[in-house]
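Undergrad: Here you go, this is my_file-v4.cif (mmCIF, C-alpha atoms and all ligand atoms).
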data_my_file
loop_
_atom_site.label_atom_id
_atom_site.label_comp_id
_atom_site.auth_asym_id
_atom_site.auth_seq_id
_atom_site.Cartn_x
_atom_site.Cartn_y
_atom_site.Cartn_z
CA MET A 1 -52.41 -9.96 -15.80
CA SER A 2 -50.43 -11.98 -13.25
CA ALA A 3 -46.64 -11.86 -12.97
CA PRO A 4 -44.90 -13.96 -15.63
CA HIS A 5 -42.64 -16.89 -14.75
CA PHE A 6 -39.87 -18.86 -16.39
CA HIS A 7 -40.05 -22.63 -16.82
CA ARG A 8 -37.55 -24.92 -18.49
CA LEU A 9 -39.04 -26.26 -21.74
CA THR A 10 -37.65 -28.74 -24.25
CA VAL A 11 -37.22 -27.95 -27.93
CA ALA A 12 -39.68 -30.29 -29.66
CA ASP A 13 -39.19 -29.10 -33.24
CA LEU A 14 -36.92 -26.82 -35.25
CA HIS A 15 -37.92 -25.67 -38.71
CA ARG A 16 -35.74 -23.57 -40.98
CA GLU A 17 -37.94 -20.79 -42.34
CA THR A 18 -35.32 -18.95 -44.43
CA ASN A 19 -31.51 -19.05 -44.63
CA ASP A 20 -31.31 -16.80 -41.60
CA SER A 21 -34.42 -17.66 -39.60
CA VAL A 22 -35.70 -20.68 -37.75
CA SER A 23 -38.87 -21.48 -35.87
CA ILE A 24 -38.80 -23.42 -32.59
CA ALA A 25 -41.66 -25.38 -31.06
CA PHE A 26 -41.47 -26.07 -27.34
CA ALA A 27 -42.94 -29.10 -25.61
CA VAL A 28 -45.27 -27.92 -22.87
CA PRO A 29 -45.86 -30.46 -20.08
CA ARG A 30 -49.50 -31.06 -19.24
CA GLU A 31 -49.18 -29.42 -15.80
CA LEU A 32 -47.99 -26.18 -17.44
CA ALA A 33 -50.56 -26.12 -20.25
CA SER A 34 -52.67 -23.38 -18.70
CA ALA A 35 -49.60 -21.25 -17.87
CA TYR A 36 -48.60 -21.29 -21.55
CA ARG A 37 -52.06 -20.67 -22.97
CA PHE A 38 -51.55 -17.71 -25.30
CA GLU A 39 -53.46 -15.20 -27.34
CA PRO A 40 -52.46 -14.54 -30.97
CA GLY A 41 -50.00 -11.65 -31.06
CA GLN A 42 -48.25 -12.51 -27.77
CA TYR A 43 -44.57 -13.28 -27.32
CA LEU A 44 -42.27 -15.50 -25.28
CA THR A 45 -39.12 -14.31 -23.55
CA LEU A 46 -36.27 -16.81 -23.80
CA ARG A 47 -33.37 -16.84 -21.35
CA ALA A 48 -30.01 -18.51 -21.79
CA PRO A 49 -26.59 -18.33 -20.11
CA PHE A 50 -23.83 -16.57 -22.05
CA GLU A 51 -20.28 -15.87 -20.94
CA GLY A 52 -20.85 -15.93 -17.21
CA GLY A 53 -24.06 -13.95 -17.38
CA GLU A 54 -27.38 -14.44 -19.07
CA GLU A 55 -29.25 -12.96 -21.99
CA ARG A 56 -32.96 -12.57 -22.60
CA ARG A 57 -34.77 -11.97 -25.84
CA SER A 58 -38.45 -11.78 -26.70
CA TYR A 59 -39.79 -13.55 -29.78
CA SER A 60 -43.35 -13.50 -31.02
CA ILE A 61 -45.43 -16.65 -31.15
CA CYS A 62 -46.15 -17.64 -34.76
CA SER A 63 -48.50 -20.58 -34.13
CA GLY A 64 -52.26 -20.18 -34.29
CA LEU A 65 -54.59 -21.24 -31.51
CA ASP A 66 -55.60 -24.36 -33.41
CA ASP A 67 -52.09 -25.51 -34.34
CA GLY A 68 -51.72 -27.43 -31.09
CA GLU A 69 -48.22 -26.13 -30.47
CA LEU A 70 -46.24 -23.27 -28.96
CA ARG A 71 -43.82 -21.97 -31.59
CA VAL A 72 -41.75 -18.81 -32.00
CA ALA A 73 -39.64 -17.69 -34.95
CA VAL A 74 -36.14 -16.25 -34.59
CA LYS A 75 -34.36 -14.31 -37.31
CA LYS A 76 -30.59 -14.04 -37.06
CA VAL A 77 -29.50 -10.44 -36.63
CA GLY A 78 -25.97 -9.21 -37.33
CA GLY A 79 -23.88 -9.44 -34.16
CA GLY A 80 -26.80 -10.91 -32.22
CA ILE A 81 -25.41 -13.61 -29.97
CA PHE A 82 -28.81 -14.95 -28.95
CA SER A 83 -30.33 -15.18 -32.43
CA THR A 84 -27.08 -16.63 -33.80
CA HIS A 85 -27.03 -19.28 -31.08
CA VAL A 86 -30.65 -20.22 -31.77
CA ASN A 87 -30.09 -20.35 -35.54
CA GLU A 88 -26.80 -22.19 -35.50
CA ALA A 89 -26.42 -24.23 -32.35
CA LEU A 90 -29.83 -25.05 -30.84
CA LYS A 91 -30.81 -28.71 -31.31
CA LEU A 92 -33.87 -30.87 -30.86
CA GLY A 93 -34.10 -32.01 -27.26
CA ASP A 94 -32.20 -29.00 -25.89
CA SER A 95 -33.98 -27.12 -23.15
CA MET A 96 -34.36 -23.43 -22.50
CA ASP A 97 -35.87 -21.10 -19.92
CA VAL A 98 -39.09 -19.81 -21.44
CA MET A 99 -41.25 -17.15 -19.82
CA THR A 100 -45.01 -17.54 -19.86
CA PRO A 101 -46.69 -15.60 -22.73
CA MET A 102 -46.95 -11.83 -22.51
CA GLY A 103 -48.03 -8.97 -24.73
CA ARG A 104 -51.12 -7.02 -25.75
CA PHE A 105 -50.85 -7.07 -29.55
CA THR A 106 -54.15 -8.91 -29.40
CA VAL A 107 -57.82 -8.64 -30.32
CA PRO A 108 -60.74 -10.76 -29.07
CA ILE A 109 -61.80 -13.55 -31.42
CA ASP A 110 -65.53 -13.78 -32.19
CA PRO A 111 -66.60 -16.92 -34.11
CA GLN A 112 -69.82 -15.17 -35.22
CA ALA A 113 -68.03 -12.11 -36.61
CA ALA A 114 -67.56 -11.25 -40.28
CA GLN A 115 -64.68 -8.82 -40.04
CA ILE A 116 -62.03 -7.43 -42.32
CA TYR A 117 -58.47 -7.50 -41.04
CA VAL A 118 -55.35 -5.99 -42.56
CA GLY A 119 -51.81 -7.02 -41.59
CA ILE A 120 -48.82 -4.89 -42.54
CA ALA A 121 -45.45 -6.42 -41.72
CA CYS A 122 -41.79 -6.32 -42.71
CA GLY A 123 -39.23 -9.12 -42.29
CA SER A 124 -39.66 -11.07 -39.08
CA GLY A 125 -42.45 -8.66 -38.12
CA ILE A 126 -44.65 -11.25 -39.84
CA THR A 127 -44.29 -13.58 -36.83
CA PRO A 128 -47.10 -12.30 -34.56
CA VAL A 129 -49.22 -11.42 -37.60
CA MET A 130 -48.93 -15.06 -38.70
CA SER A 131 -50.51 -16.15 -35.41
CA HIS A 132 -53.39 -13.73 -36.05
CA ILE A 133 -53.88 -14.89 -39.64
CA LYS A 134 -54.01 -18.57 -38.71
CA THR A 135 -56.33 -18.04 -35.77
CA ILE A 136 -58.73 -15.66 -37.52
CA LEU A 137 -59.04 -17.89 -40.59
CA SER A 138 -59.64 -20.91 -38.43
CA ARG A 139 -61.98 -19.42 -35.82
CA GLU A 140 -63.83 -16.59 -37.59
CA LYS A 141 -65.17 -18.42 -40.63
CA LYS A 142 -66.77 -15.32 -42.14
CA SER A 143 -63.80 -12.97 -41.69
CA ARG A 144 -61.19 -12.01 -44.28
CA PHE A 145 -57.54 -11.02 -44.00
CA VAL A 146 -55.37 -8.91 -46.33
CA LEU A 147 -51.62 -9.09 -45.74
CA LEU A 148 -49.03 -6.64 -47.07
CA TYR A 149 -45.64 -8.17 -46.43
CA GLY A 150 -42.38 -6.35 -47.16
CA ASN A 151 -39.00 -8.01 -47.65
CA ARG A 152 -35.81 -7.38 -49.57
CA SER A 153 -36.17 -10.40 -51.87
CA SER A 154 -38.24 -13.55 -52.23
CA ARG A 155 -35.47 -15.48 -50.44
CA ASP A 156 -36.17 -13.46 -47.28
CA ILE A 157 -39.89 -14.23 -47.09
CA MET A 158 -40.67 -16.10 -43.91
CA PHE A 159 -43.60 -18.58 -43.87
CA LYS A 160 -43.85 -18.36 -47.65
CA ASP A 161 -45.20 -21.88 -48.14
CA ALA A 162 -47.39 -21.69 -45.05
CA LEU A 163 -49.03 -18.52 -46.42
CA GLU A 164 -49.66 -20.21 -49.78
CA ASP A 165 -51.20 -23.21 -48.00
CA LEU A 166 -53.45 -20.94 -45.96
CA LYS A 167 -54.61 -19.17 -49.14
CA ASP A 168 -55.48 -22.52 -50.71
CA LYS A 169 -57.18 -23.82 -47.60
CA HIS A 170 -59.29 -20.69 -47.00
CA LEU A 171 -60.16 -19.77 -50.56
CA GLY A 172 -60.99 -16.10 -51.04
CA ARG A 173 -60.45 -15.23 -47.38
CA LEU A 174 -56.72 -14.47 -47.41
CA ALA A 175 -55.00 -12.10 -49.83
CA VAL A 176 -51.20 -11.77 -49.65
CA HIS A 177 -49.19 -9.03 -51.37
CA HIS A 178 -45.43 -9.48 -51.24
CA VAL A 179 -43.64 -6.16 -51.65
CA LEU A 180 -39.93 -6.62 -52.41
CA SER A 181 -37.44 -3.78 -52.17
CA ARG A 182 -34.54 -5.39 -54.04
CA GLU A 183 -36.23 -7.69 -56.51
CA ALA A 184 -38.20 -6.60 -59.54
CA GLN A 185 -41.75 -7.94 -59.83
CA ASP A 186 -44.23 -8.04 -62.71
CA LEU A 187 -46.31 -5.37 -61.04
CA PRO A 188 -44.22 -2.23 -60.36
CA LEU A 189 -46.41 -1.45 -57.34
CA LEU A 190 -44.98 -4.54 -55.62
CA HIS A 191 -41.38 -3.45 -56.11
CA GLY A 192 -40.09 -0.98 -53.51
CA ARG A 193 -40.66 -0.17 -49.87
CA LEU A 194 -43.85 -0.35 -47.89
CA ASP A 195 -44.32 3.40 -47.79
CA ALA A 196 -47.59 5.24 -47.09
CA ARG A 197 -48.52 5.68 -50.76
CA ARG A 198 -47.92 2.03 -51.63
CA ILE A 199 -49.76 0.78 -48.54
CA ALA A 200 -52.82 2.97 -49.24
CA THR A 201 -52.91 1.93 -52.92
CA LEU A 202 -52.66 -1.78 -52.13
CA VAL A 203 -55.29 -1.65 -49.39
CA ARG A 204 -57.69 0.32 -51.61
CA ALA A 205 -57.20 -2.14 -54.47
CA SER A 206 -57.75 -5.16 -52.20
CA LEU A 207 -60.72 -3.78 -50.29
CA PRO A 208 -62.47 -1.25 -52.52
CA GLY A 209 -64.84 0.83 -50.40
CA GLN A 210 -64.78 -1.66 -47.53
CA LYS A 211 -64.40 -0.85 -43.87
CA ILE A 212 -61.38 -2.25 -42.06
CA ASP A 213 -62.21 -3.62 -38.62
CA HIS A 214 -58.68 -4.18 -37.33
CA ALA A 215 -55.17 -3.55 -38.64
CA PHE A 216 -52.03 -5.22 -37.24
CA LEU A 217 -48.72 -3.47 -37.81
CA CYS A 218 -45.37 -5.05 -36.99
CA GLY A 219 -42.01 -3.96 -38.32
CA PRO A 220 -39.43 -1.23 -38.04
CA GLN A 221 -40.44 2.24 -36.96
CA GLY A 222 -40.38 3.84 -40.43
CA MET A 223 -42.80 1.28 -41.83
CA MET A 224 -45.06 1.56 -38.79
CA GLU A 225 -45.30 5.33 -39.19
CA ALA A 226 -46.00 5.02 -42.92
CA ALA A 227 -48.71 2.45 -42.26
CA GLN A 228 -50.38 4.63 -39.63
CA ILE A 229 -50.48 7.57 -42.05
CA ALA A 230 -51.96 5.38 -44.79
CA LEU A 231 -54.58 3.84 -42.49
CA ALA A 232 -55.60 7.26 -41.14
CA ASP A 233 -56.06 8.41 -44.78
CA LEU A 234 -58.21 5.35 -45.36
CA GLY A 235 -60.41 6.36 -42.42
CA VAL A 236 -59.36 3.61 -39.99
CA SER A 237 -59.69 4.93 -36.44
CA LYS A 238 -56.64 4.78 -34.18
CA ASP A 239 -58.19 2.36 -31.72
CA ARG A 240 -58.50 -0.19 -34.56
CA VAL A 241 -54.79 -0.02 -35.40
CA HIS A 242 -52.69 -2.40 -33.30
CA LEU A 243 -48.95 -1.85 -33.11
CA GLU A 244 -46.03 -4.10 -32.23
CA LEU A 245 -42.80 -2.18 -32.54
CA PHE A 246 -40.00 -4.34 -33.74
CA THR A 247 -36.42 -3.11 -33.63
CA PRO A 248 -34.03 -5.79 -34.88
CA ALA A 249 -31.09 -3.41 -34.96
CA THR A 250 -31.41 -2.45 -31.32
CA PRO A 251 -30.34 -5.16 -28.94
CA THR A 252 -32.72 -5.03 -26.04
CA ALA A 253 -30.80 -7.60 -24.15
CA PHE A 254 -29.82 -7.66 -20.61
CA THR A 255 -26.46 -8.82 -19.48
CA ARG A 256 -26.66 -9.99 -15.98
CA ALA A 257 -24.36 -9.65 -13.05
CA ARG A 258 -23.91 -5.95 -12.61
CA PRO A 259 -21.63 -5.61 -9.63
CA VAL A 260 -23.09 -4.63 -6.31
CA LYS A 261 -20.14 -2.33 -5.81
CA GLU A 262 -19.64 -0.06 -8.76
CA SER A 263 -16.28 0.09 -10.42
CA GLY A 264 -14.97 3.62 -10.29
CA SER A 265 -16.28 4.16 -6.82
CA ARG A 266 -13.51 1.94 -5.44
CA GLY A 267 -15.45 -0.39 -3.24
CA GLN A 268 -18.11 2.05 -2.19
CA GLU A 269 -21.66 0.89 -2.55
CA ARG A 270 -23.87 3.08 -4.69
CA GLU A 271 -25.58 5.74 -2.66
CA PRO A 272 -29.28 4.89 -2.42
CA ILE A 273 -31.73 7.65 -3.22
CA ALA A 274 -34.83 5.63 -2.38
CA ILE A 275 -36.05 2.39 -0.86
CA ALA A 276 -38.28 0.28 -3.08
CA THR A 277 -40.83 -2.12 -1.65
CA VAL A 278 -42.14 -4.57 -4.22
CA LYS A 279 -44.72 -7.32 -4.02
CA LEU A 280 -44.28 -10.30 -6.32
CA ASP A 281 -46.13 -13.62 -6.03
CA GLY A 282 -47.43 -12.56 -2.64
CA VAL A 283 -43.93 -11.98 -1.23
CA THR A 284 -42.69 -8.51 -0.26
CA HIS A 285 -39.09 -7.48 -0.97
CA ARG A 286 -37.27 -4.29 0.02
CA PHE A 287 -34.11 -2.93 -1.58
CA PRO A 288 -32.29 0.36 -2.18
CA VAL A 289 -32.40 2.15 -5.53
CA ALA A 290 -29.44 4.27 -6.62
CA ALA A 291 -29.54 7.52 -8.62
CA ASP A 292 -30.31 6.97 -12.32
CA GLU A 293 -31.23 3.37 -11.62
CA GLY A 294 -34.47 1.70 -12.59
CA VAL A 295 -36.39 -0.46 -10.13
CA ILE A 296 -35.67 -3.66 -12.10
CA ASP A 297 -31.90 -3.07 -12.08
CA ALA A 298 -31.96 -2.20 -8.41
CA GLY A 299 -33.90 -5.38 -7.64
CA LEU A 300 -31.45 -7.50 -9.62
CA ARG A 301 -28.54 -5.87 -7.83
CA ALA A 302 -30.15 -6.91 -4.56
CA GLY A 303 -30.74 -10.45 -5.83
CA VAL A 304 -34.50 -10.07 -6.33
CA GLU A 305 -35.67 -11.70 -9.55
CA LEU A 306 -38.30 -9.36 -10.97
CA PRO A 307 -40.06 -9.93 -14.32
CA PHE A 308 -38.61 -8.14 -17.32
CA SER A 309 -37.57 -8.75 -20.88
CA CYS A 310 -36.56 -5.84 -23.12
CA LYS A 311 -35.60 -3.29 -20.46
CA GLY A 312 -36.25 -0.71 -23.16
CA GLY A 313 -39.84 0.32 -22.39
CA MET A 314 -41.27 -1.70 -25.26
CA CYS A 315 -42.54 -5.05 -24.07
CA CYS A 316 -44.50 -4.30 -20.89
CA THR A 317 -43.27 -7.49 -19.17
CA CYS A 318 -42.21 -5.37 -16.18
CA ARG A 319 -45.60 -3.69 -15.70
CA ALA A 320 -46.45 -3.08 -12.04
CA LYS A 321 -48.85 -0.91 -10.11
CA LEU A 322 -47.35 2.00 -8.22
CA LEU A 323 -49.01 1.86 -4.79
CA SER A 324 -47.19 4.75 -3.15
CA GLY A 325 -44.40 7.22 -3.83
CA THR A 326 -43.52 8.76 -7.18
CA VAL A 327 -41.38 7.74 -10.15
CA THR A 328 -40.51 9.13 -13.56
CA MET A 329 -40.40 6.81 -16.53
CA VAL A 330 -37.51 7.34 -18.92
CA ARG A 331 -39.30 5.70 -21.86
CA ASN A 332 -42.72 4.25 -22.42
CA TYR A 333 -43.60 2.64 -25.72
CA SER A 334 -46.06 0.12 -24.37
CA LEU A 335 -48.32 1.37 -21.57
CA GLU A 336 -51.67 2.66 -22.76
CA PRO A 337 -52.94 6.00 -21.40
CA TRP A 338 -55.62 4.24 -19.33
CA GLU A 339 -52.96 2.09 -17.66
CA LYS A 340 -50.95 5.16 -16.69
CA GLU A 341 -54.10 6.77 -15.30
CA LYS A 342 -54.70 3.69 -13.16
CA GLY A 343 -51.17 3.94 -11.75
CA PHE A 344 -49.37 1.27 -13.76
CA VAL A 345 -45.71 1.86 -14.53
CA LEU A 346 -42.90 0.12 -16.39
CA ALA A 347 -40.59 -0.90 -13.56
CA CYS A 348 -37.55 -1.11 -15.84
CA GLN A 349 -38.00 2.55 -16.73
CA SER A 350 -39.07 3.81 -13.31
CA ARG A 351 -36.64 6.08 -11.44
CA PRO A 352 -37.91 6.94 -7.93
CA THR A 353 -38.50 10.63 -7.26
CA SER A 354 -39.59 10.12 -3.66
CA PRO A 355 -37.59 8.54 -0.79
CA ALA A 356 -39.82 5.46 -0.75
CA VAL A 357 -41.76 3.75 -3.54
CA SER A 358 -44.02 0.74 -3.40
CA LEU A 359 -44.85 -1.39 -6.46
CA ASP A 360 -47.12 -4.39 -6.85
CA PHE A 361 -46.32 -6.86 -9.66
CA ASP A 362 -49.25 -9.06 -8.71
CA GLU A 363 -51.88 -6.42 -9.44
CA ALA A 364 -53.81 -7.37 -12.57
S1 LIG B 1 -38.84 -5.00 -19.55
FE1 LIG B 1 -39.76 -4.46 -21.43
S2 LIG B 1 -40.79 -2.61 -20.93
FE2 LIG B 1 -39.72 -3.09 -19.09
#
Spit out the file's structure as structure tokens when you get a sec.
TA:
Amino acid sequence: MSAPHFHRLTVADLHRETNDSVSIAFAVPRELASAYRFEPGQYLTLRAPFEGGEERRSYSICSGLDDGELRVAVKKVGGGIFSTHVNEALKLGDSMDVMTPMGRFTVPIDPQAAQIYVGIACGSGITPVMSHIKTILSREKKSRFVLLYGNRSSRDIMFKDALEDLKDKHLGRLAVHHVLSREAQDLPLLHGRLDARRIATLVRASLPGQKIDHAFLCGPQGMMEAAQIALADLGVSKDRVHLELFTPATPTAFTRARPVKESGSRGQEREPIAIATVKLDGVTHRFPVAADEGVIDAGLRAGVELPFSCKGGMCCTCRAKLLSGTVTMVRNYSLEPWEKEKGFVLACQSRPTSPAVSLDFDEA
């Protein structure tokens, strides 16, 4: 995995998916085609200036590998300045800073395979699952996909027509169960929340006695936990369950331009507790890190542009290898145990616990 980079891309298409969500396709110039090659399940981080600073948000790619486009979907969240801007003000031909694709909510595609996939998603959690569905149906001709998709009402269903079209195009290979919490349906099982009992019942009914090869889960934490319980009951091993935590209510944004001199300390610079040495794109930078400060924030304070997106321990965009020194990570929702064993850390969450730390963002 090499360090991600921003490039300015033009909005080539905007499509309203629901009243409060829109999908955006970006034009990728030929010379950047390989930089924006993605795997289903990955996301793009978008960056835009707001009120003297900047904001970043990550949005999952919804296009499949054979769609010939790079498209993300953005649902408007209450009080969300970025998603509101994208839904209400972004126009065709506008340009935006778009980071190269990141994320490990992925599985290898095998054209010879005959596998059974299950997707369990709520709301805009469908976005990365949509990329998987399209790609698997198109590239693994013998595989099947069962989708359980939770929403409040039919008006909130994203990609509703696209899912119907996919069902028609790939007859018998895609089953979709819409579960609506605030709208009655003919089948009582489809009315309510995607809880563990409902998930297990629907999966059993769709795939009686069949082994699930991979399950993709994307939605709020409660649904993710319920789905993991249900899948464990169904005998699906943990390594076959792929998770993408999605927290629409928690802004994971970054507002830039923290002052170099902290207010409250009346012109005194923050006392450094460590010196960080970081390697990025072959260039070495050195800067001080203050108490209770992560390496990413310290780098930004020193004017070093390091890769990050959520700054909440979820996305893994800031992954780097710790070459020397020690750190503690405040949160980690995205590094796998094997990555920690190999010395990888989330730089946004890393607080130095030794006087000097050295991190390499170029290490794959
Ligand atoms: S920026 Fe997302 S985990 Fe660090």
Undergrad: Quick one: residues within 9 Å of Gln210 of chain A, only C-alpha atoms counted, chain neighbours fewer than 3 positions away excluded, as a list of chain:residue names?
TA: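 Surrounding residues, per the criterion: A:Ile116, A:Arg204, A:Leu207.
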Undergrad: Could you pull out the residues sitting within 8 Å of ligand LIG 1 (chain B), using all atoms listed in the file, and write them as a ChimeraX atom specification?
TA: /A:307-319,332-334,346-349
Undergrad: Would you kindly identify which residues have an atom no farther than 8 Å from (-66.9, -16.7, -38.2), using only C-alpha atoms and the file's own coordinates, and write them out as JSON, numbers by chain?
TA: {"A": [110, 111, 112, 113, 114, 139, 140, 141, 142, 143]}
Undergrad: Between A:Val28, A:Met102, A:Val146, A:Ala302, which one has atoms that come closest to Leu70 of chain A, using all atoms listed in the file?
TA: A:Val28
Undergrad: Considering all atoms listed in the file, return as a PyMOL selection string whatever protein or nucleic-acid residues lie within 10 Å of His285 of chain A, sequence-local ones (same chain, fewer than 6 positions apart) excluded.
TA: chain A and resi 276-279+299+302+304+358
Undergrad: Enter the distance from atom CA of Gly41 of chain A to atom CA of Val107 of chain A, in Å, rounded to one decimal.
TA: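 Distance between the two atoms: 8.4 Å.
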Undergrad: I'd like the interatomic distance between atom CA of Gln221 of chain A and atom CA of Thr100 of chain A, to a tenth of an Å.
TA: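 Atom CA of Thr100 of chain A lies at a distance of 26.5 Å from atom CA of Gln221 of chain A.
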Undergrad: Got a sec: who's within 7 Å of Cys218 of chain A, counting only C-alpha atoms, leaving out chain neighbours fewer than 2 positions off, as a list in words?
TA: Ile120, Ala121, Cys122, Gly125, Ile126, Phe216, Met224, Leu243, Glu244, Leu245 and Phe246 of chain A
Undergrad: Just write the chosen residues, C-alpha atoms, as a short mmCIF file (atom, residue, chain, number, x, y, z; two decimals), in the coordinates of the input.
TA:
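Result written to selection.cif:
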data_model
loop_
_atom_site.label_atom_id
_atom_site.label_comp_id
_atom_site.auth_asym_id
_atom_site.auth_seq_id
_atom_site.Cartn_x
_atom_site.Cartn_y
_atom_site.Cartn_z
CA ILE A 120 -48.82 -4.89 -42.54
CA ALA A 121 -45.45 -6.42 -41.72
CA CYS A 122 -41.79 -6.32 -42.71
CA GLY A 125 -42.45 -8.66 -38.12
CA ILE A 126 -44.65 -11.25 -39.84
CA PHE A 216 -52.03 -5.22 -37.24
CA MET A 224 -45.06 1.56 -38.79
CA LEU A 243 -48.95 -1.85 -33.11
CA GLU A 244 -46.03 -4.10 -32.23
CA LEU A 245 -42.80 -2.18 -32.54
CA PHE A 246 -40.00 -4.34 -33.74
#
Undergrad: Between atom CA of Ser58 of chain A and atom CA of Leu90 of chain A, what is the distance, to one decimal in Å?
TA: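 Separation of atom CA of Ser58 of chain A and atom CA of Leu90 of chain A: 16.4 Å.
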Undergrad: Can you pull out every residue within 10 Å of Tyr117 of chain A, counting all atoms listed in the file, but drop anything in the same chain fewer than 6 positions away, and send it as a PyMOL selection string?
TA: chain A and resi 132-133+136+143-147+174+211-216+240
Undergrad: Show me, as a VMD selection string, the residues that have an atom within 7 Å of Thr328 of chain A when counting only C-alpha atoms, minus same-chain residues fewer than 2 positions from it.
TA: chain A and resid 330 350 to 353
Undergrad: For Val236 of chain A, which residue among A:Val118, A:Leu180, A:Ser154, A:Ala3 is the nearest when counting only C-alpha atoms?
TA: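 Nearest to Val236 of chain A: A:Val118.
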Undergrad: Which residue, A:His15, A:Lys167, A:His7, A:Arg56, has the smallest gap to Phe82 of chain A when you use all atoms listed in the file?
TA: A:Arg56
Undergrad: Given all atoms listed in the file as the basis, pick out the residue of A:Asp94, A:Gly103, A:Asp161, A:Pro40 nearest to Met130 of chain A.
TA: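 When distances to Met130 of chain A are compared using all atoms listed in the file, the smallest one comes from A:Pro40.
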Undergrad: Need the axis-aligned box for segment 21-31 of chain A with 5 Å each side, so what are the centre and edges in Å to one decimal, as JSON?
TA:
{"center_x": -42.0, "center_y": -24.4, "center_z": -27.7, "size_x": 25.1, "size_y": 23.4, "size_z": 33.8}
Undergrad: Return the single residue from A:His242, A:His170, A:Arg47, A:Arg301 that is closest to Phe105 of chain A, with distances computed using all atoms listed in the file.
TA: A:His242
Undergrad: Select all residues near (-44.9, -30.9, -24.8) (cut-off 9 Å, inclusive, file coordinates), counting only C-alpha atoms, and output them as a PyMOL selection string.
TA: chain A and resi 9-12+25-30+33+69-70
